[in-house]
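Heads up, the thing below is written out as structure tokens.
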Amino acid sequence: MKPFLRENIPTDLEEIPDAPAYEAGYLVTKNAGWRNVRPVIDPLKCTVCLNCYLHCPDGVIFRKDGRVEIDYDFCKGCGICKKICRLGAIEMEAEKNG
Amino acid sequence: MAKKFLSGNEAFAYGVRLARPQVISAYPITPQTIVVEKLSEFVEDGSLKAEFIHVESEHSALSCAMGASSVGARAFTATSSQGLLYMAECLPYAAGGRFPVVMMNANRSTALPWNIYGDQRDSISQLDSGWIQAYAENAQEALDLALMSFYIAEHKKVSTPFMANLDGFVLTHTYEVADVPTQEQADEFLPSFETENKMSLTSPKNLAFSAGPDTNTFFKYKEHIGLLNVKEAVAEAEKRFAEIFGRQYSGLTESYKTDDAEYILITLGSISGLVREVVDKLRNEGKKAGLLRLRYIRPFPNEEIADALKNAKAAAVLEKDISFGNEGTVYSNVNSALHKAGISIPTSNYIGGLGGKNISAEEIEYIFSDLTRKKSEVKFLGIGGEDSGS
């Protein structure tokens, strides 16, 4: 049993931990649907200072292959990253399907 | 082992000290105050190495204990009556989070009218919160229960918080001789608290997370199974306890002369001592009376009740509780146990001891004689029932 359940909602009692406690990523409920606007990073302006990472209240910003990326499954679109970015590398774009 | 002259509260405090909790968070309330005072003295004199946290309310007391449990510490709190109701929001939180906190509750009436004396309406109103509920009869059992409660709550198959109930004043404030085990014996009995359900730097986890409609039932089912496993954990704890301390307890219930009894009184807590004396008196008069004491009411001893009552002609439930507009809750639960077992005998409910009112031996005798009418009825002792004529 390993936490991969972002796409796989358990339907079996055996897959459920006894207490509501498990490694990150387990039994998560995506909250992308809460978002009206999404932060988009311009990689040409971004210097990977990670200030946005430090301020993201949901911990959805991460570094990968020397770039900053956002996990859109769990970004609520609050825009704090845009406000905190001193380089103006993050823009909020309207979600097309609401 | 040393004999000491202790009140119920003090006896429980000695039991808690032997269990070596690492965190105690509590707010004082009559008639619980002394257990907390005693523990603070133990911490002060160095005989108990625990973090004693004075909190500003009972809601905080249990929140704090839960927080301690969530980093893997053994945590204790205590309350009573209005305090228990004030922490009510946190009760299912601790149970659902599977944090095996131990709490002593000094059973006391609930307002209004304001009243500080003992009845069991406070804890019984919280039966659905997911906590184990046990009721001690005397100071010795209180002490022993304090020690065993940690073992049972922390049992791997249980992992559920434990509410140990002591009748306010009648048990919390009266003095009896009790055996206090040595720390070496207690350490042999109770292993240190180990859990995977904690914040950890080596194995980081999400704790106390949300679970939506798709998975919530799984968690609630597991919580239910955890409570049902208490029966096995109690048996294991009591066997181990008897081997080390030489005192044997009897599981979720205690039967007294029920084997051939025609009329059985079911009750819980400190009143059981007096019922036992009345049973003896009636037995001397040739009347086949018996007592079934419920030591635990969560999990509810369905099988034990059905087994004890299978040959009885009628049964009474005497309880210090009323679910207004219906009947005593213990009575409802007992009737359900009998119904599920296919036992169809008249059962009557006697509501007594509310707001600390004394229940006399004469009243208990009256209950046994009243049962011979073989009719199901709900009565308030000293007032009567719908057609009691008393």
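Lettering and numbering for the structure tokens are positional, with chains as A, B, ... in the shown order, residues counted from 1 in each chain, and ligands counted from 1 in the shown order.
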Requested in this report: With a distance cut-off of 8 Å and only C-alpha atoms, select the neighbouring residues of B:Ala233, excluding the residue or stretch itself and same-chain residues fewer than 3 positions from it, and output the selection as a PyMOL selection string.
Outcome: chain B and resi 152+155+157-158+229-230+236-237
Selected residues written out, N, CA and C atoms, as a PDB file, in the first residue's frame:
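Below you can see part18.pdb, which holds the result:
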ATOM      1  N   ILE B 152      -5.520  -0.101  27.727  1.00  0.00           N
ATOM      2  CA  ILE B 152      -6.632  -0.413  26.813  1.00  0.00           C
ATOM      3  C   ILE B 152      -6.728   0.631  25.702  1.00  0.00           C
ATOM      4  N   HIS B 155      -3.910   0.270  23.227  1.00  0.00           N
ATOM      5  CA  HIS B 155      -3.814  -1.046  22.577  1.00  0.00           C
ATOM      6  C   HIS B 155      -3.888  -0.862  21.057  1.00  0.00           C
ATOM      7  N   LYS B 157      -5.040  -2.448  18.625  1.00  0.00           N
ATOM      8  CA  LYS B 157      -6.300  -2.705  17.931  1.00  0.00           C
ATOM      9  C   LYS B 157      -7.412  -1.766  18.403  1.00  0.00           C
ATOM     10  N   VAL B 158      -7.088  -0.905  19.360  1.00  0.00           N
ATOM     11  CA  VAL B 158      -8.112  -0.014  19.927  1.00  0.00           C
ATOM     12  C   VAL B 158      -7.842   1.440  19.534  1.00  0.00           C
ATOM     13  N   ASN B 229     -13.156  -3.663  19.564  1.00  0.00           N
ATOM     14  CA  ASN B 229     -11.962  -4.402  19.976  1.00  0.00           C
ATOM     15  C   ASN B 229     -11.613  -4.188  21.454  1.00  0.00           C
ATOM     16  N   VAL B 230     -12.275  -3.209  22.079  1.00  0.00           N
ATOM     17  CA  VAL B 230     -12.000  -2.914  23.488  1.00  0.00           C
ATOM     18  C   VAL B 230     -12.240  -4.150  24.357  1.00  0.00           C
ATOM     19  N   GLU B 236      -7.418  -8.834  27.877  1.00  0.00           N
ATOM     20  CA  GLU B 236      -5.955  -8.946  27.888  1.00  0.00           C
ATOM     21  C   GLU B 236      -5.353  -8.147  29.047  1.00  0.00           C
ATOM     22  N   ALA B 237      -5.854  -6.908  29.209  1.00  0.00           N
ATOM     23  CA  ALA B 237      -5.337  -6.031  30.274  1.00  0.00           C
ATOM     24  C   ALA B 237      -5.627  -6.637  31.643  1.00  0.00           C
TER      25      ALA B 237
END
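By chain and then residue number, the residues within 9 Å of B:Leu85 are B:Glu58, B:His59, B:Thr110, B:Asp122, B:Ser123, B:Ser125, B:Gln126, counting only C-alpha atoms and disregarding those fewer than 6 positions away in sequence.
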Please produce a file of those selected residues containing N, CA and C atoms, as a compact mmCIF listing (two decimals), in the first residue's frame.
# COMPACT_ATOMS: atom_id res chain seq x y z
N GLU B 58 -11.94 23.77 29.54
CA GLU B 58 -11.95 22.33 29.27
C GLU B 58 -11.78 22.05 27.78
N HIS B 59 -12.31 22.94 26.96
CA HIS B 59 -12.12 22.80 25.51
C HIS B 59 -10.63 22.77 25.21
N THR B 110 -26.00 18.03 35.42
CA THR B 110 -25.83 19.14 34.48
C THR B 110 -26.92 20.20 34.73
N ASP B 122 -24.01 13.68 32.67
CA ASP B 122 -22.95 14.33 31.90
C ASP B 122 -22.29 13.35 30.92
N SER B 123 -21.79 12.24 31.45
CA SER B 123 -21.07 11.30 30.57
C SER B 123 -22.02 10.55 29.64
N SER B 125 -24.66 11.51 28.31
CA SER B 125 -25.06 12.35 27.17
C SER B 125 -24.01 12.35 26.07
N GLN B 126 -22.80 11.88 26.39
CA GLN B 126 -21.71 11.89 25.41
C GLN B 126 -21.36 10.48 24.90
Requested in this report: Write out as an NGL selection string all residues of stretch 78-271 of chain B that backbone DSSP assigns to strand (DSSP E).
Outcome: :B and (78-79 or 102-107 or 132-135 or 162-167 or 175-180 or 206-207 or 253-256 or 263-267)
Convert the current residue selection to file output with N, CA and C atoms, as a compact mmCIF listing (two decimals), in the first residue's frame.
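So the final result, stored in result.txt, reads:
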# COMPACT_ATOMS: atom_id res chain seq x y z
N ALA B 78 -8.78 15.59 32.94
CA ALA B 78 -9.89 15.21 33.81
C ALA B 78 -10.91 16.33 33.81
N THR B 79 -12.17 15.98 33.96
CA THR B 79 -13.20 17.00 33.99
C THR B 79 -14.44 16.48 34.69
N VAL B 102 -6.42 9.62 27.94
CA VAL B 102 -7.24 9.12 29.05
C VAL B 102 -7.78 10.31 29.82
N MET B 103 -9.05 10.23 30.15
CA MET B 103 -9.70 11.30 30.90
C MET B 103 -10.49 10.70 32.06
N MET B 104 -10.33 11.30 33.23
CA MET B 104 -11.23 10.94 34.32
C MET B 104 -12.37 11.93 34.33
N ASN B 105 -13.59 11.41 34.40
CA ASN B 105 -14.74 12.29 34.54
C ASN B 105 -15.39 12.02 35.88
N ALA B 106 -15.52 13.07 36.69
CA ALA B 106 -16.24 12.95 37.96
C ALA B 106 -17.71 13.20 37.64
N ASN B 107 -18.50 12.16 37.68
CA ASN B 107 -19.90 12.28 37.27
C ASN B 107 -20.65 13.29 38.14
N ILE B 132 -14.32 5.31 24.78
CA ILE B 132 -14.57 4.19 25.68
C ILE B 132 -15.14 4.81 26.96
N GLN B 133 -16.16 4.17 27.53
CA GLN B 133 -16.68 4.67 28.81
C GLN B 133 -16.73 3.54 29.83
N ALA B 134 -16.02 3.76 30.95
CA ALA B 134 -16.03 2.80 32.05
C ALA B 134 -16.49 3.51 33.31
N TYR B 135 -17.08 2.73 34.22
CA TYR B 135 -17.60 3.29 35.49
C TYR B 135 -17.04 2.49 36.65
N PHE B 162 -10.20 7.17 26.28
CA PHE B 162 -10.83 6.41 27.36
C PHE B 162 -11.37 7.38 28.41
N MET B 163 -12.65 7.30 28.70
CA MET B 163 -13.26 8.11 29.76
C MET B 163 -13.57 7.21 30.94
N ALA B 164 -12.86 7.43 32.04
CA ALA B 164 -13.09 6.65 33.25
C ALA B 164 -13.97 7.49 34.17
N ASN B 165 -15.14 6.95 34.52
CA ASN B 165 -16.11 7.73 35.28
C ASN B 165 -16.16 7.31 36.75
N LEU B 166 -16.15 8.34 37.61
CA LEU B 166 -16.27 8.12 39.05
C LEU B 166 -17.45 8.95 39.53
N ASP B 167 -18.36 8.33 40.27
CA ASP B 167 -19.50 9.09 40.78
C ASP B 167 -19.03 10.26 41.64
N TYR B 175 -13.51 8.25 51.46
CA TYR B 175 -12.21 7.61 51.69
C TYR B 175 -12.34 6.12 51.96
N GLU B 176 -11.44 5.38 51.35
CA GLU B 176 -11.39 3.93 51.55
C GLU B 176 -9.93 3.53 51.59
N VAL B 177 -9.69 2.32 52.09
CA VAL B 177 -8.34 1.78 52.02
C VAL B 177 -8.13 1.19 50.63
N ALA B 178 -7.02 1.55 50.02
CA ALA B 178 -6.73 1.00 48.69
C ALA B 178 -5.27 0.57 48.62
N ASP B 179 -5.04 -0.48 47.88
CA ASP B 179 -3.66 -0.93 47.62
C ASP B 179 -3.07 -0.06 46.53
N VAL B 180 -1.92 0.51 46.79
CA VAL B 180 -1.22 1.26 45.74
C VAL B 180 -0.03 0.41 45.29
N ASN B 206 0.63 13.49 7.09
CA ASN B 206 -0.51 14.37 7.29
C ASN B 206 -1.28 13.81 8.47
N LEU B 207 -1.63 14.67 9.42
CA LEU B 207 -2.39 14.20 10.57
C LEU B 207 -3.75 14.89 10.60
N THR B 253 -18.66 -6.42 32.22
CA THR B 253 -19.70 -6.42 33.26
C THR B 253 -19.20 -7.21 34.46
N GLU B 254 -19.93 -7.09 35.58
CA GLU B 254 -19.66 -7.92 36.73
C GLU B 254 -20.99 -8.51 37.20
N SER B 255 -21.06 -9.82 37.21
CA SER B 255 -22.29 -10.48 37.63
C SER B 255 -22.22 -10.82 39.11
N TYR B 256 -23.29 -10.59 39.82
CA TYR B 256 -23.36 -10.99 41.22
C TYR B 256 -24.64 -11.80 41.42
N TYR B 263 -34.86 -12.25 39.35
CA TYR B 263 -35.00 -10.81 39.16
C TYR B 263 -33.62 -10.17 39.25
N ILE B 264 -33.26 -9.47 38.19
CA ILE B 264 -31.90 -8.92 38.11
C ILE B 264 -31.95 -7.40 37.98
N LEU B 265 -31.16 -6.76 38.81
CA LEU B 265 -31.05 -5.31 38.71
C LEU B 265 -29.73 -4.99 37.99
N ILE B 266 -29.85 -4.18 36.96
CA ILE B 266 -28.67 -3.75 36.19
C ILE B 266 -28.38 -2.31 36.57
N THR B 267 -27.14 -2.04 36.92
CA THR B 267 -26.80 -0.65 37.21
C THR B 267 -25.32 -0.42 36.94
Kindly provide, as an mmCIF file with N, CA and C atoms, in the first residue's frame, the residues of chain A having any atom no farther than 6 Å from an atom of chain B, counting only C-alpha atoms.
data_model
loop_
_atom_site.group_PDB
_atom_site.id
_atom_site.type_symbol
_atom_site.label_atom_id
_atom_site.label_comp_id
_atom_site.auth_asym_id
_atom_site.auth_seq_id
_atom_site.Cartn_x
_atom_site.Cartn_y
_atom_site.Cartn_z
ATOM 1 N N ALA A 19 -6.138 5.407 11.435
ATOM 2 C CA ALA A 19 -6.360 6.768 11.908
ATOM 3 C C ALA A 19 -6.249 7.705 10.712
ATOM 4 N N PRO A 20 -6.894 8.864 10.770
ATOM 5 C CA PRO A 20 -6.693 9.830 9.681
ATOM 6 C C PRO A 20 -5.283 10.417 9.739
ATOM 7 N N ALA A 21 -4.320 9.597 9.407
ATOM 8 C CA ALA A 21 -2.914 10.009 9.420
ATOM 9 C C ALA A 21 -2.163 9.150 8.424
ATOM 10 N N TYR A 22 -1.553 9.795 7.463
ATOM 11 C CA TYR A 22 -0.748 9.028 6.523
ATOM 12 C C TYR A 22 0.207 9.957 5.799
ATOM 13 N N GLU A 23 1.120 9.343 5.021
ATOM 14 C CA GLU A 23 2.082 10.154 4.279
ATOM 15 C C GLU A 23 1.343 11.111 3.344
ATOM 16 N N ALA A 24 2.013 12.207 3.049
ATOM 17 C CA ALA A 24 1.430 13.199 2.163
ATOM 18 C C ALA A 24 1.038 12.565 0.833
#
Query raised in the report: Hey, what does DSSP flag as alpha helix (DSSP H) within stretch 190-351 of chain B? Can you give it to me as an NGL selection string?
Result: :B and (216-228 or 230-245 or 272-284 or 302-309 or 329-340)
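For the choices A:Met92, A:Arg67, A:Cys78, A:Thr11, the atom-to-atom distance to A:Lys45 is smallest for A:Arg67 when using only C-alpha atoms.
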**Report entry** Within 9 Å of stretch 42-51 of chain B using only C-alpha atoms, minus same-chain residues under 5 positions, as a PyMOL selection string
**Finding:** chain B and resi 13+17-18+20-25+37
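You will find atom CA of B:Asn311 at 27.3 Å from atom CA of B:Ile359.
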